Every structure is written in structure tokens, then in C-alpha cells.
file data-v4.txt (compact mmCIF, C-alpha atoms)
# COMPACT_ATOMS: atom_id res chain seq x y z
CA MET A 1 -129.83 19.72 -99.63
CA ASP A 2 -128.13 22.63 -101.27
CA GLU A 3 -124.40 22.06 -101.86
CA LEU A 4 -123.55 25.27 -100.07
CA ASP A 5 -125.57 24.32 -97.04
CA LEU A 6 -123.56 21.13 -96.71
CA LEU A 7 -120.44 23.24 -96.89
CA LYS A 8 -121.85 25.69 -94.37
CA LYS A 9 -122.43 22.93 -91.88
CA ASP A 10 -118.81 21.89 -92.11
CA TRP A 11 -117.52 25.47 -92.28
CA ASN A 12 -119.01 26.42 -88.97
CA LYS A 13 -117.87 23.36 -87.09
CA ASP A 14 -115.43 24.64 -84.56
CA LYS A 15 -112.39 22.79 -85.76
CA ALA A 16 -108.93 23.63 -84.56
CA GLU A 17 -107.75 23.59 -88.13
CA TYR A 18 -105.72 26.73 -88.18
CA LYS A 19 -102.61 27.53 -86.30
CA ASN A 20 -103.70 29.90 -83.61
CA PHE A 21 -101.29 32.81 -83.55
CA SER A 22 -100.23 33.75 -80.06
CA ASP A 23 -99.51 37.25 -78.74
CA LYS A 24 -95.87 36.58 -79.44
CA ASP A 25 -96.63 35.88 -83.10
CA LEU A 26 -99.03 38.76 -83.47
CA TYR A 27 -96.99 41.63 -81.97
CA PRO A 28 -94.18 41.54 -84.55
CA MET A 29 -96.78 41.40 -87.33
CA LEU A 30 -97.96 44.90 -86.43
CA HIS A 31 -94.56 46.35 -87.17
CA ARG A 32 -93.86 44.60 -90.41
CA LYS A 33 -94.09 46.43 -93.68
CA SER A 34 -97.19 46.18 -95.76
CA SER A 35 -96.83 45.09 -99.35
CA SER A 36 -100.19 46.32 -100.52
CA ILE A 37 -100.95 47.53 -104.00
CA VAL A 38 -101.74 51.00 -102.66
CA LYS A 39 -98.24 51.32 -101.32
CA THR A 40 -96.70 50.24 -104.61
CA LEU A 41 -98.92 52.68 -106.46
CA PHE A 42 -97.89 55.42 -104.07
CA TYR A 43 -94.19 54.81 -104.69
CA ILE A 44 -94.75 54.71 -108.42
CA SER A 45 -96.61 58.02 -108.37
CA ILE A 46 -93.82 59.67 -106.38
CA ALA A 47 -91.30 58.26 -108.86
CA GLU A 48 -93.38 59.62 -111.76
CA LEU A 49 -93.49 63.08 -110.28
CA ILE A 50 -89.77 63.15 -109.66
CA PHE A 51 -88.92 61.61 -113.03
CA TRP A 52 -90.83 64.18 -115.07
CA ILE A 53 -89.67 67.10 -112.96
CA LEU A 54 -86.07 65.94 -113.47
CA ILE A 55 -86.57 65.46 -117.21
CA ASN A 56 -87.82 69.02 -117.42
CA THR A 57 -85.15 70.63 -115.26
CA ILE A 58 -81.94 68.64 -115.70
CA PRO A 59 -80.98 70.08 -119.12
CA TYR A 60 -81.18 73.55 -117.60
CA PHE A 61 -78.61 72.74 -114.92
CA VAL A 62 -76.36 70.44 -116.91
CA SER A 63 -75.85 72.34 -120.14
CA ASP A 64 -74.53 75.91 -119.87
CA ASP A 65 -75.33 76.48 -123.48
CA TYR A 66 -78.96 75.53 -122.99
CA LYS A 67 -79.13 77.60 -119.84
CA ALA A 68 -77.76 80.67 -121.60
CA LYS A 69 -80.21 80.23 -124.44
CA LEU A 70 -83.16 79.77 -122.11
CA ASP A 71 -82.11 82.76 -120.00
CA SER A 72 -81.97 84.94 -123.07
CA ILE A 73 -85.44 83.80 -124.08
CA TYR A 74 -86.86 84.39 -120.63
CA ASP A 75 -85.32 87.82 -120.38
CA ASN A 76 -87.49 89.19 -123.11
CA ASP A 77 -90.39 86.85 -123.52
CA VAL A 78 -93.31 87.27 -121.15
CA PHE A 79 -95.17 84.47 -122.90
CA MET A 80 -92.45 81.88 -122.18
CA VAL A 81 -92.16 82.94 -118.56
CA SER A 82 -95.87 82.69 -117.96
CA LEU A 83 -95.89 79.31 -119.72
CA THR A 84 -93.22 78.04 -117.32
CA VAL A 85 -95.08 79.39 -114.31
CA LEU A 86 -98.21 77.70 -115.60
CA SER A 87 -96.39 74.38 -116.00
CA TYR A 88 -95.23 74.52 -112.37
CA LEU A 89 -98.74 75.35 -111.24
CA ILE A 90 -99.98 72.30 -113.13
CA ILE A 91 -97.41 70.10 -111.38
CA ILE A 92 -98.54 71.47 -108.03
CA LEU A 93 -102.12 70.76 -109.01
CA PHE A 94 -101.20 67.16 -109.84
CA ILE A 95 -99.38 66.73 -106.54
CA TYR A 96 -102.47 68.00 -104.76
CA LEU A 97 -104.78 65.68 -106.71
CA LEU A 98 -102.52 62.71 -106.06
CA TYR A 99 -102.37 63.50 -102.37
CA LYS A 100 -106.13 63.82 -102.23
CA SER A 101 -106.83 60.59 -104.06
CA HIS A 102 -104.33 58.65 -101.96
CA LYS A 103 -105.81 60.07 -98.78
CA ALA A 104 -109.27 59.00 -99.88
CA ILE A 105 -108.31 55.32 -100.09
CA SER A 106 -109.62 53.53 -97.04
CA VAL A 107 -109.58 49.84 -96.28
CA ILE A 108 -112.88 50.13 -94.42
CA ASP A 109 -114.83 51.20 -97.50
CA ASP A 110 -116.91 48.61 -99.29
CA ALA A 111 -115.02 46.56 -101.88
CA LYS A 112 -116.30 48.43 -104.90
CA THR A 113 -115.64 51.90 -103.48
CA LEU A 114 -112.14 50.87 -102.45
CA MET A 115 -111.39 49.61 -105.96
CA ARG A 116 -112.84 52.74 -107.53
CA LYS A 117 -110.68 54.98 -105.35
CA ILE A 118 -107.52 53.07 -106.19
CA LEU A 119 -108.33 53.25 -109.88
CA ASN A 120 -108.96 56.99 -109.46
CA THR A 121 -105.43 57.44 -108.16
CA ARG A 122 -104.16 55.58 -111.16
CA LYS A 123 -106.22 57.90 -113.36
CA VAL A 124 -104.54 60.96 -111.87
CA ILE A 125 -101.14 59.48 -112.65
CA LYS A 126 -102.33 58.61 -116.13
CA TRP A 127 -103.35 62.19 -116.83
CA TYR A 128 -100.09 63.44 -115.43
CA VAL A 129 -98.17 61.17 -117.80
CA ILE A 130 -100.38 62.14 -120.76
CA TYR A 131 -99.89 65.81 -119.89
CA ASN A 132 -96.12 65.33 -119.88
CA LEU A 133 -96.12 63.37 -123.12
CA VAL A 134 -98.20 66.03 -124.84
CA MET A 135 -95.93 68.73 -123.46
CA ALA A 136 -92.87 66.81 -124.65
CA PHE A 137 -94.42 66.44 -128.10
CA VAL A 138 -95.43 70.11 -128.32
CA SER A 139 -92.14 71.45 -127.02
CA MET A 140 -90.19 69.27 -129.45
CA ILE A 141 -92.18 70.74 -132.36
CA ILE A 142 -91.93 74.29 -131.01
CA GLY A 143 -88.23 73.76 -130.36
CA THR A 144 -87.67 72.62 -133.93
CA PHE A 145 -89.51 75.59 -135.41
CA TYR A 146 -87.87 77.98 -133.00
CA GLY A 147 -84.50 76.58 -134.04
CA ILE A 148 -85.32 76.95 -137.72
CA ASN A 149 -86.47 80.53 -137.26
CA HIS A 150 -83.82 81.78 -134.86
CA ASP A 151 -80.68 79.81 -135.62
CA PRO A 152 -79.12 81.38 -138.74
CA GLU A 153 -77.12 78.26 -139.56
CA LEU A 154 -80.08 75.94 -139.34
CA SER A 155 -82.47 78.30 -141.11
CA SER A 156 -80.14 78.75 -144.07
CA HIS A 157 -79.79 75.00 -144.16
CA VAL A 158 -83.54 74.47 -144.19
CA ALA A 159 -84.02 77.29 -146.75
CA SER A 160 -81.83 75.41 -149.17
CA PHE A 161 -83.97 72.25 -148.85
CA SER A 162 -85.81 71.14 -151.92
CA ARG A 163 -89.51 70.34 -151.47
CA MET A 164 -88.70 66.66 -151.32
CA GLN A 165 -86.04 67.19 -148.68
CA MET A 166 -88.39 69.37 -146.65
CA PHE A 167 -91.03 66.68 -146.82
CA SER A 168 -88.62 63.93 -145.70
CA PHE A 169 -87.31 66.15 -142.93
CA SER A 170 -90.82 66.78 -141.57
CA ALA A 171 -91.78 63.14 -141.98
CA PHE A 172 -88.67 62.04 -140.15
CA MET A 173 -89.38 64.44 -137.28
CA VAL A 174 -92.97 63.31 -136.92
CA ILE A 175 -92.06 59.61 -137.06
CA PHE A 176 -89.21 60.05 -134.60
CA ILE A 177 -91.35 61.90 -132.08
CA GLY A 178 -94.22 59.49 -132.65
CA ILE A 179 -92.05 56.45 -131.90
CA PHE A 180 -90.65 58.15 -128.82
CA VAL A 181 -94.13 58.83 -127.45
CA LEU A 182 -95.34 55.33 -128.41
CA ILE A 183 -92.50 53.62 -126.53
CA ILE A 184 -93.20 55.57 -123.38
CA TRP A 185 -96.91 54.88 -123.72
CA LEU A 186 -96.29 51.13 -124.15
CA PHE A 187 -94.07 51.15 -121.11
CA TYR A 188 -96.91 52.59 -119.04
CA ARG A 189 -99.45 50.15 -120.40
CA LEU A 190 -97.17 47.32 -119.38
CA LEU A 191 -96.37 48.75 -115.96
CA TYR A 192 -99.94 49.47 -114.90
CA GLY A 193 -101.34 46.56 -116.86
CA ILE A 194 -99.38 44.07 -114.79
CA LEU A 195 -99.88 45.90 -111.52
CA LEU A 196 -103.61 46.43 -111.82
CA LYS A 197 -104.71 43.42 -113.86
CA ARG A 198 -106.41 41.65 -111.01
CA LEU A 199 -107.94 44.82 -109.61
CA ASN A 200 -109.41 45.77 -112.96
CA LYS A 201 -110.83 42.28 -113.39
CA ASN A 202 -112.52 42.32 -110.00
CA TYR A 203 -113.80 45.85 -110.43
CA ASN A 204 -115.34 44.97 -113.79
CA GLU A 205 -116.90 41.87 -112.25
CA LEU A 206 -118.63 44.03 -109.64
CA ARG A 207 -119.62 46.65 -112.17
CA LYS A 208 -121.05 44.08 -114.53
CA LEU A 209 -123.54 43.18 -111.81
CA GLU A 210 -125.02 46.65 -111.77
CA VAL A 211 -125.72 46.82 -115.49
CA MET B 1 -99.03 54.30 -81.43
CA ASP B 2 -99.38 53.77 -77.75
CA LYS B 3 -99.02 50.47 -75.99
CA GLU B 4 -102.58 50.46 -74.77
CA LEU B 5 -103.95 50.57 -78.27
CA GLU B 6 -101.59 47.80 -79.30
CA HIS B 7 -102.67 45.71 -76.38
CA SER B 8 -106.38 46.09 -77.05
CA PHE B 9 -105.81 45.31 -80.72
CA ILE B 10 -103.94 42.10 -79.97
CA GLU B 11 -106.70 41.12 -77.60
CA GLN B 12 -109.32 41.56 -80.32
CA MET B 13 -107.16 39.65 -82.77
CA GLN B 14 -106.82 36.77 -80.35
CA LYS B 15 -110.56 36.58 -80.00
CA HIS B 16 -111.45 36.80 -83.68
CA GLN B 17 -108.44 35.62 -85.65
CA ASN B 18 -110.41 32.70 -86.97
CA ILE B 19 -112.22 35.05 -89.35
CA VAL B 20 -108.90 36.07 -90.91
CA HIS B 21 -107.83 32.44 -91.15
CA LYS B 22 -111.03 31.59 -92.98
CA VAL B 23 -110.44 34.39 -95.51
CA CYS B 24 -106.92 33.09 -96.04
CA ARG B 25 -108.20 29.57 -96.47
CA LEU B 26 -110.43 30.63 -99.37
CA TYR B 27 -107.94 32.83 -101.13
CA THR B 28 -104.74 30.84 -100.84
CA ASN B 29 -103.60 27.34 -101.62
CA ASN B 30 -100.68 26.69 -99.33
CA GLN B 31 -99.45 27.46 -95.86
CA ASP B 32 -96.86 30.06 -96.92
CA ALA B 33 -99.37 32.05 -98.88
CA HIS B 34 -101.87 31.66 -96.06
CA ASN B 35 -99.44 33.17 -93.57
CA ASP B 36 -98.49 35.91 -96.00
CA LEU B 37 -102.07 36.98 -96.46
CA PHE B 38 -102.76 36.69 -92.74
CA GLN B 39 -99.85 39.04 -92.12
CA GLU B 40 -101.08 41.59 -94.65
CA ILE B 41 -104.64 41.55 -93.30
CA THR B 42 -103.30 42.02 -89.79
CA ILE B 43 -101.26 45.05 -90.91
CA GLN B 44 -104.27 46.56 -92.66
CA LEU B 45 -106.48 45.95 -89.61
CA TRP B 46 -103.89 47.51 -87.36
CA LYS B 47 -103.43 50.55 -89.59
CA ALA B 48 -107.16 51.16 -89.63
CA TYR B 49 -107.62 50.34 -85.95
CA PRO B 50 -107.43 53.94 -84.66
CA LYS B 51 -110.45 54.66 -86.86
CA PHE B 52 -112.33 51.77 -85.37
CA ARG B 53 -114.95 52.99 -83.01
CA GLY B 54 -116.91 50.83 -80.67
CA ASP B 55 -120.08 51.49 -82.63
CA SER B 56 -119.57 48.46 -84.83
CA LYS B 57 -118.30 45.12 -83.71
CA PHE B 58 -114.66 44.40 -84.35
CA SER B 59 -115.58 41.13 -86.00
CA THR B 60 -117.92 42.88 -88.47
CA TRP B 61 -115.06 45.14 -89.31
CA MET B 62 -112.73 42.23 -89.87
CA TYR B 63 -114.89 40.83 -92.64
CA ARG B 64 -114.63 44.03 -94.58
CA VAL B 65 -110.91 44.64 -94.08
CA GLY B 66 -110.11 40.96 -94.56
CA LEU B 67 -111.97 40.68 -97.84
CA ASN B 68 -110.74 44.05 -99.10
CA THR B 69 -107.18 42.97 -98.47
CA ALA B 70 -107.62 39.56 -100.07
CA ILE B 71 -109.47 40.84 -103.14
CA THR B 72 -107.90 44.22 -103.73
CA LEU B 73 -104.87 45.22 -101.73
CA TYR B 74 -102.87 42.03 -101.46
CA ARG B 75 -100.29 41.41 -104.12
CA LYS B 76 -100.05 37.72 -104.68
CA SER B 77 -96.90 36.23 -103.34
CA LYS B 78 -94.63 34.64 -105.90
CA ARG B 79 -94.36 31.61 -103.69
CA ARG B 80 -97.94 30.69 -104.31
CA ILE B 81 -98.27 27.59 -106.44
CA LYS B 82 -101.34 26.89 -108.50
CA THR B 83 -102.54 23.52 -107.37
CA GLU B 84 -106.30 23.63 -107.51
CA ALA B 85 -106.65 22.31 -111.06
CA PHE B 86 -104.51 19.32 -110.27
CA ASP B 87 -106.30 18.61 -107.02
CA ALA B 88 -109.67 18.81 -108.70
CA LEU B 89 -108.61 16.23 -111.20
CA GLN B 90 -107.46 13.89 -108.48
CA TYR B 91 -110.69 14.20 -106.55
CA LYS B 92 -112.77 13.58 -109.61
CA ILE B 93 -110.96 10.36 -110.35
CA LYS B 94 -111.41 9.27 -106.78
CA SER B 95 -115.04 10.17 -106.66
CA THR B 96 -115.84 7.70 -109.38
CA GLU B 97 -113.99 4.98 -107.52
CA TYR B 98 -115.49 5.50 -104.11
CA ASP B 99 -118.93 6.00 -102.73
CA ASP B 100 -120.15 9.51 -102.61
CA THR B 101 -119.60 9.88 -98.92
CA GLU B 102 -120.14 13.22 -97.23
CA GLU B 103 -116.43 13.58 -96.64
CA GLN B 104 -115.71 13.08 -100.29
CA GLN B 105 -118.37 15.51 -101.30
CA LEU B 106 -116.98 18.12 -98.96
CA LYS B 107 -113.54 17.79 -100.47
CA LEU B 108 -115.03 18.28 -103.90
CA LEU B 109 -117.00 21.27 -102.69
CA TYR B 110 -114.01 23.02 -101.18
CA ASP B 111 -112.18 22.40 -104.37
CA ALA B 112 -114.98 23.79 -106.47
CA VAL B 113 -115.07 26.93 -104.33
CA HIS B 114 -111.37 27.38 -104.93
CA GLN B 115 -112.03 27.50 -108.64
CA LEU B 116 -114.37 30.49 -108.32
CA ASN B 117 -113.14 33.99 -109.02
CA ASP B 118 -112.31 36.50 -106.28
CA ILE B 119 -115.74 38.13 -106.13
CA GLU B 120 -117.61 34.83 -106.19
CA LYS B 121 -115.43 33.56 -103.36
CA ALA B 122 -116.28 36.66 -101.34
CA LEU B 123 -119.99 35.97 -101.79
CA VAL B 124 -119.58 32.34 -100.78
CA PHE B 125 -117.50 33.36 -97.78
CA LEU B 126 -120.09 35.82 -96.48
CA TYR B 127 -122.84 33.30 -97.13
CA LEU B 128 -120.97 30.60 -95.21
CA GLU B 129 -120.47 33.07 -92.38
CA ASP B 130 -124.24 33.47 -92.20
CA LYS B 131 -124.31 37.08 -93.32
CA ASP B 132 -127.62 38.33 -94.67
CA TYR B 133 -127.92 39.97 -98.08
CA ARG B 134 -128.00 43.41 -96.53
CA GLU B 135 -124.56 42.88 -95.07
CA ILE B 136 -123.23 41.13 -98.16
CA SER B 137 -124.33 44.03 -100.33
CA ALA B 138 -122.84 46.59 -97.93
CA THR B 139 -119.52 44.75 -97.80
CA LEU B 140 -119.15 44.41 -101.54
CA GLY B 141 -120.76 47.69 -102.56
CA ILE B 142 -123.51 46.20 -104.72
CA SER B 143 -127.27 46.31 -104.33
CA GLU B 144 -129.10 43.65 -102.34
CA VAL B 145 -130.97 42.47 -105.42
CA ASN B 146 -127.73 42.06 -107.35
CA ALA B 147 -126.12 40.25 -104.44
CA ARG B 148 -129.01 37.74 -104.54
CA VAL B 149 -128.80 37.36 -108.30
CA LYS B 150 -125.07 36.84 -108.15
CA MET B 151 -125.38 34.34 -105.31
CA ASN B 152 -127.78 32.25 -107.35
CA ARG B 153 -125.38 32.33 -110.27
CA VAL B 154 -122.55 31.23 -108.02
CA LYS B 155 -124.60 28.29 -106.75
CA LYS B 156 -125.33 27.33 -110.34
CA LYS B 157 -121.68 27.64 -111.26
CA LEU B 158 -120.69 25.42 -108.35
CA ARG B 159 -123.16 22.83 -109.49
CA THR B 160 -121.68 22.91 -112.97
CA ILE B 161 -118.17 22.50 -111.62
CA LEU B 162 -119.29 19.57 -109.48
CA ASN B 163 -121.32 17.87 -112.22
CA PRO B 164 -119.70 18.77 -115.50
call {"tool": "encode", "arguments": {"input": "data-v4.txt", "output": "C-alpha cells"}}
result
Amino acid sequence: MDELDLLKKDWNKDKAEYKNFSDKDLYPMLHRKSSSIVKTLFYISIAELIFWILINTIPYFVSDDYKAKLDSIYDNDVFMVSLTVLSYLIIILFIYLLYKSHKAISVIDDAKTLMRKILNTRKVIKWYVIYNLVMAFVSMIIGTFYGINHDPELSSHVASFSRMQMFSFSAFMVIFIGIFVLIIWLFYRLLYGILLKRLNKNYNELRKLEV
Amino acid sequence: MDKELEHSFIEQMQKHQNIVHKVCRLYTNNQDAHNDLFQEITIQLWKAYPKFRGDSKFSTWMYRVGLNTAITLYRKSKRRIKTEAFDALQYKIKSTEYDDTEEQQLKLLYDAVHQLNDIEKALVFLYLEDKDYREISATLGISEVNARVKMNRVKKKLRTILNP
């Protein structure tokens, strides 16, 4: 006889092996908080949104100097204003995509679809983080060049650089920004790696079957 | 949610809670973890209950939600202790000392099933619950042919675990 058939015979014996939960046990269960991975992912995505919005807006409200500088730029630069509007539109787009992907997750889907939808949500967050990292990288470079071109003190400083000094300055900037981006990227790998390790493993197991 | 809905849900749970217990049995190793998972599956069932329409049986529904929670949604409790490897060792020593009685073989079998991965356990579970390949494939989201192929591999794997 097949091993599993032996197991099946035993499995379906009606044994009172499990503690039967009574109504009294079951009612409170309905009102307890879930600790599902979707919930954790949801909180993380909200935290991501808020974190990056704060990073982008706090300097404006905290530093008067920065605010004055930005205001003067915005007053006469249509390009910068439209860029800012665009960045807010992108954030709204991400919020919409996140909302949509979270809404799509349903526990009554089949296992593979459910996993795919959860991983989709994670993908949206991933792109949001990549978008912010790229923006941070680009704005740091633009900021540096803008500073060199518009700040008389800094530009005279840079003008007096020898070629070697200029090279080290650029190299330092690139390395500094690179390390900054790398650290944030590693942090995300770790965060989602731990959270979704099991899910990824199971999803790949199911996908492997279809190859 | 209104009381009536709550009441009908509890009634269904009373009738079919054994299915949830069986899922917990396969995916956990101790009573604490068992109760933890039972709790989470109950919450997920309850949250989805308003979407449940009479067109499918509640029990059919439980298989899907139960397995989805165990495989995907549930975050393993820290309390869970890994004991299966140790138990397997013990049983193997015993099995050489005693006759291969059915009881002994069953113990070994349950232990072997515990060593399977999450997806393989799901297949075994549905098989033990007498689900046909159509339902197995619909629950897991794979084709019927692949469900069959995988099932055969699982049987083979179990045999290897039992007779290394």
C-alpha cells in the first residue's frame, strides 16, 4: 500500500485529537488583530510614503535660508515649478498604485495569485524607493552644479582648483553619493529580504512547476 | 459587522473547525504555534466572510483561506521551536529496535510530512482530504497536470525520507 494511503486512513479517522473551540473561545478571536504579512507590508508602505515626503519637505520648513533660496528660484523659474508639480503628481500616482495593489489582495484567491499580488505590492514600493533614490542622486548633482554656478564664493573657490583638485572633488562627490545610495539600498534589501523570504521561496516553488 | 453575521460565522466555524485544526497540525510543531495559526486563520476567514456567498460550501472555502494563511499570510511566531529534526532522529532509532508496526510507521510518516516544504505539505493535505486534482490545482493556482507531477514527486520524496 502507498505510504500516503496509510496516512490517509489514519487522517480521516474521526479522532477527538484537537481541542474543540467553543463559542466562547471563538467570539473573541474575531476581534483580535491580525498579524498577517499583508498588514505589515501595508504599514511599511505607509511609512515609506511618509518618510520620503518628509525628507523632501522638511528642509523647506526648517531652514529659513533654504526656504528663501528656493522661493527665489521658484519665483522666476518655470522649469523648477513644473518639476515640483510633476514630483507631487508622481507621489499621487504611487499612492494610487499602492492603494490599488493592496485592494487587489484577496485571501480567497488561489495560492499563486495571492502570492503574486502581494509581491506586486512590494514591487510598487520598490519602484517608489528607486524613484526617490534616483531623485536624491540627481538633485544632489544638480544642487552641486547649481551651487558652483550661482554661489560666487563657491564658484571662485572651484575656479581656483587645479585639475587634480577638481578631479578629487568630483571623485569625492560621486563616492559620497554612491555610498549614501548603497546604504539605503542595502537597508531595503535587508528589510524586504527578511519579511518576504518565505513568500518568495514558496512563490518560486509554484512557478518552477509551470516551467 | 452585525450580530447576525457573527452568529452565522461562529456556527459555521463550530461545524467545520476541524479543517483549520488539520491545517495547523501540518504547519506547526507545538500547541502554542497551533493556536496562533488557528487564530490567524479564523481572523482571515472572518474578514473574508462577507464576501462568502452560499454558492460554494463554507468548508471548500476554508481549505483555500486556511492554506493561504498558513503558506503565505501567516508570519511565523517566534515561539515556534524547531523540533522535527530531533523527533525524526528519535523515531528512526526506535524503528530499528521495534517491529515495524502500523503505529510506528504512522509516526514516521507524520514526521516525514513535517519535513516537506510548505507547498508540498499543501499538496499532501489536499490529497489526505480527498480532494481531486481539479480542486488541488484550483486551490494552488497550478495546472492539473503539474499538480499530478508534483504529487508524484512528493510521494517519491516521502519514500526517500522514510528509507534513506
call {"tool": "atom_distance", "arguments": {"input": "data-v4.txt", "atom1": "atom CA of A:Tyr188", "atom2": "atom CA of A:Thr40"}}
result
14.6 Å
call {"tool": "closest_residue", "arguments": {"input": "data-v4.txt", "among": "B:Asp118, B:Glu4, B:Asp111, B:Asp132", "to": "B:Ile161", "atoms": "only C-alpha atoms"}}
result
B:Asp111
call {"tool": "residues_around", "arguments": {"input": "data-v4.txt", "residues": "A:Tyr131", "least_positions_apart": "5", "cutoff": "10 Å", "atoms": "only C-alpha atoms", "output": "list in words"}}
result
Ile90, Ile91, Ile125, Lys126, Ala136 and Phe137 of chain A
call {"tool": "atom_distance", "arguments": {"input": "data-v4.txt", "atom1": "atom CA of A:Ile46", "atom2": "atom CA of A:Asp110"}}
result
26.6 Å
call {"tool": "interface_residues", "arguments": {"input": "data-v4.txt", "of": "chain A", "to": "chain B", "cutoff": "6 Å", "atoms": "only C-alpha atoms", "output": "list of chain:residue names"}}
result
A:Lys8, A:Leu30, A:Ser36, A:Ile37, A:Val107, A:Ile108, A:Asp110, A:Ala111, A:Lys112, A:Leu199
call {"tool": "residues_around", "arguments": {"input": "data-v4.txt", "residues": "A:Leu119", "least_positions_apart": "4", "cutoff": "9 Å", "atoms": "all atoms listed in the file", "output": "ChimeraX atom specification"}}
result
/A:114-115,123-124,196,199-200
call {"tool": "atom_distance", "arguments": {"input": "data-v4.txt", "atom1": "atom CA of A:Asn149", "atom2": "atom CA of A:Phe176"}}
result
20.8 Å
call {"tool": "residues_around", "arguments": {"input": "data-v4.txt", "residues": "A:Arg122", "least_positions_apart": "6", "cutoff": "10 Å", "atoms": "all atoms listed in the file", "output": "ChimeraX atom specification"}}
result
/A:38,41-42,44-45,98,101-102,116,128,192,196
call {"tool": "residues_around", "arguments": {"input": "data-v4.txt", "residues": "A:Ile53", "least_positions_apart": "3", "cutoff": "12 Å", "atoms": "only C-alpha atoms", "output": "count of residues only"}}
result
20
call {"tool": "closest_residue", "arguments": {"input": "data-v4.txt", "among": "A:Tyr203, A:Phe180, A:Phe51, A:Tyr146", "to": "A:Lys69", "atoms": "all atoms listed in the file"}}
result
A:Tyr146
call {"tool": "decode", "arguments": {"input": "data-v4.txt", "residues": "stretch 130-137 of chain A", "atoms": "all heavy atoms", "output": "mmCIF file, in the first residue's frame"}}
result
data_model
loop_
_atom_site.group_PDB
_atom_site.id
_atom_site.type_symbol
_atom_site.label_atom_id
_atom_site.label_comp_id
_atom_site.auth_asym_id
_atom_site.auth_seq_id
_atom_site.Cartn_x
_atom_site.Cartn_y
_atom_site.Cartn_z
ATOM 1 N N ILE A 130 13.140 53.337 -5.506
ATOM 2 C CA ILE A 130 14.124 53.584 -6.563
ATOM 3 C C ILE A 130 13.933 54.994 -7.128
ATOM 4 O O ILE A 130 14.898 55.738 -7.315
ATOM 5 C CB ILE A 130 13.992 52.525 -7.681
ATOM 6 C CG1 ILE A 130 14.512 51.182 -7.168
ATOM 7 C CG2 ILE A 130 14.766 52.952 -8.932
ATOM 8 C CD1 ILE A 130 14.380 50.039 -8.129
ATOM 9 N N TYR A 131 12.684 55.365 -7.355
ATOM 10 C CA TYR A 131 12.396 56.711 -7.859
ATOM 11 C C TYR A 131 12.988 57.767 -6.921
ATOM 12 O O TYR A 131 13.650 58.714 -7.353
ATOM 13 C CB TYR A 131 10.883 56.886 -7.999
ATOM 14 C CG TYR A 131 10.435 58.329 -8.085
ATOM 15 C CD1 TYR A 131 10.626 59.073 -9.251
ATOM 16 C CD2 TYR A 131 9.837 58.956 -6.987
ATOM 17 C CE1 TYR A 131 10.233 60.396 -9.320
ATOM 18 C CE2 TYR A 131 9.443 60.274 -7.053
ATOM 19 C CZ TYR A 131 9.642 60.995 -8.215
ATOM 20 O OH TYR A 131 9.266 62.302 -8.281
ATOM 21 N N ASN A 132 12.773 57.580 -5.624
ATOM 22 C CA ASN A 132 13.275 58.559 -4.655
ATOM 23 C C ASN A 132 14.791 58.579 -4.581
ATOM 24 O O ASN A 132 15.398 59.634 -4.439
ATOM 25 C CB ASN A 132 12.691 58.277 -3.270
ATOM 26 C CG ASN A 132 11.339 58.930 -3.110
ATOM 27 O OD1 ASN A 132 11.224 60.145 -3.151
ATOM 28 N ND2 ASN A 132 10.310 58.126 -2.981
ATOM 29 N N LEU A 133 15.393 57.395 -4.689
ATOM 30 C CA LEU A 133 16.856 57.342 -4.653
ATOM 31 C C LEU A 133 17.457 58.032 -5.874
ATOM 32 O O LEU A 133 18.411 58.803 -5.761
ATOM 33 C CB LEU A 133 17.331 55.889 -4.575
ATOM 34 C CG LEU A 133 17.154 55.206 -3.224
ATOM 35 C CD1 LEU A 133 17.613 53.760 -3.288
ATOM 36 C CD2 LEU A 133 17.930 55.941 -2.138
ATOM 37 N N VAL A 134 16.846 57.774 -7.030
ATOM 38 C CA VAL A 134 17.335 58.417 -8.258
ATOM 39 C C VAL A 134 17.166 59.928 -8.147
ATOM 40 O O VAL A 134 18.071 60.701 -8.472
ATOM 41 C CB VAL A 134 16.589 57.867 -9.496
ATOM 42 C CG1 VAL A 134 16.884 58.699 -10.733
ATOM 43 C CG2 VAL A 134 16.990 56.422 -9.738
ATOM 44 N N MET A 135 16.000 60.341 -7.647
ATOM 45 C CA MET A 135 15.746 61.770 -7.489
ATOM 46 C C MET A 135 16.758 62.391 -6.520
ATOM 47 O O MET A 135 17.266 63.494 -6.755
ATOM 48 C CB MET A 135 14.324 62.018 -6.974
ATOM 49 C CG MET A 135 13.247 61.847 -8.019
ATOM 50 S SD MET A 135 13.562 62.777 -9.519
ATOM 51 C CE MET A 135 12.804 64.333 -9.089
ATOM 52 N N ALA A 136 17.046 61.658 -5.433
ATOM 53 C CA ALA A 136 18.009 62.177 -4.456
ATOM 54 C C ALA A 136 19.375 62.329 -5.114
ATOM 55 O O ALA A 136 20.047 63.353 -4.973
ATOM 56 C CB ALA A 136 18.103 61.219 -3.263
ATOM 57 N N PHE A 137 19.757 61.328 -5.883
ATOM 58 C CA PHE A 137 21.038 61.335 -6.583
ATOM 59 C C PHE A 137 21.103 62.515 -7.557
ATOM 60 O O PHE A 137 22.042 63.316 -7.533
ATOM 61 C CB PHE A 137 21.181 60.000 -7.328
ATOM 62 C CG PHE A 137 22.532 59.779 -7.941
ATOM 63 C CD1 PHE A 137 23.600 59.346 -7.169
ATOM 64 C CD2 PHE A 137 22.726 59.999 -9.292
ATOM 65 C CE1 PHE A 137 24.838 59.134 -7.737
ATOM 66 C CE2 PHE A 137 23.972 59.797 -9.867
ATOM 67 C CZ PHE A 137 25.032 59.361 -9.097
#
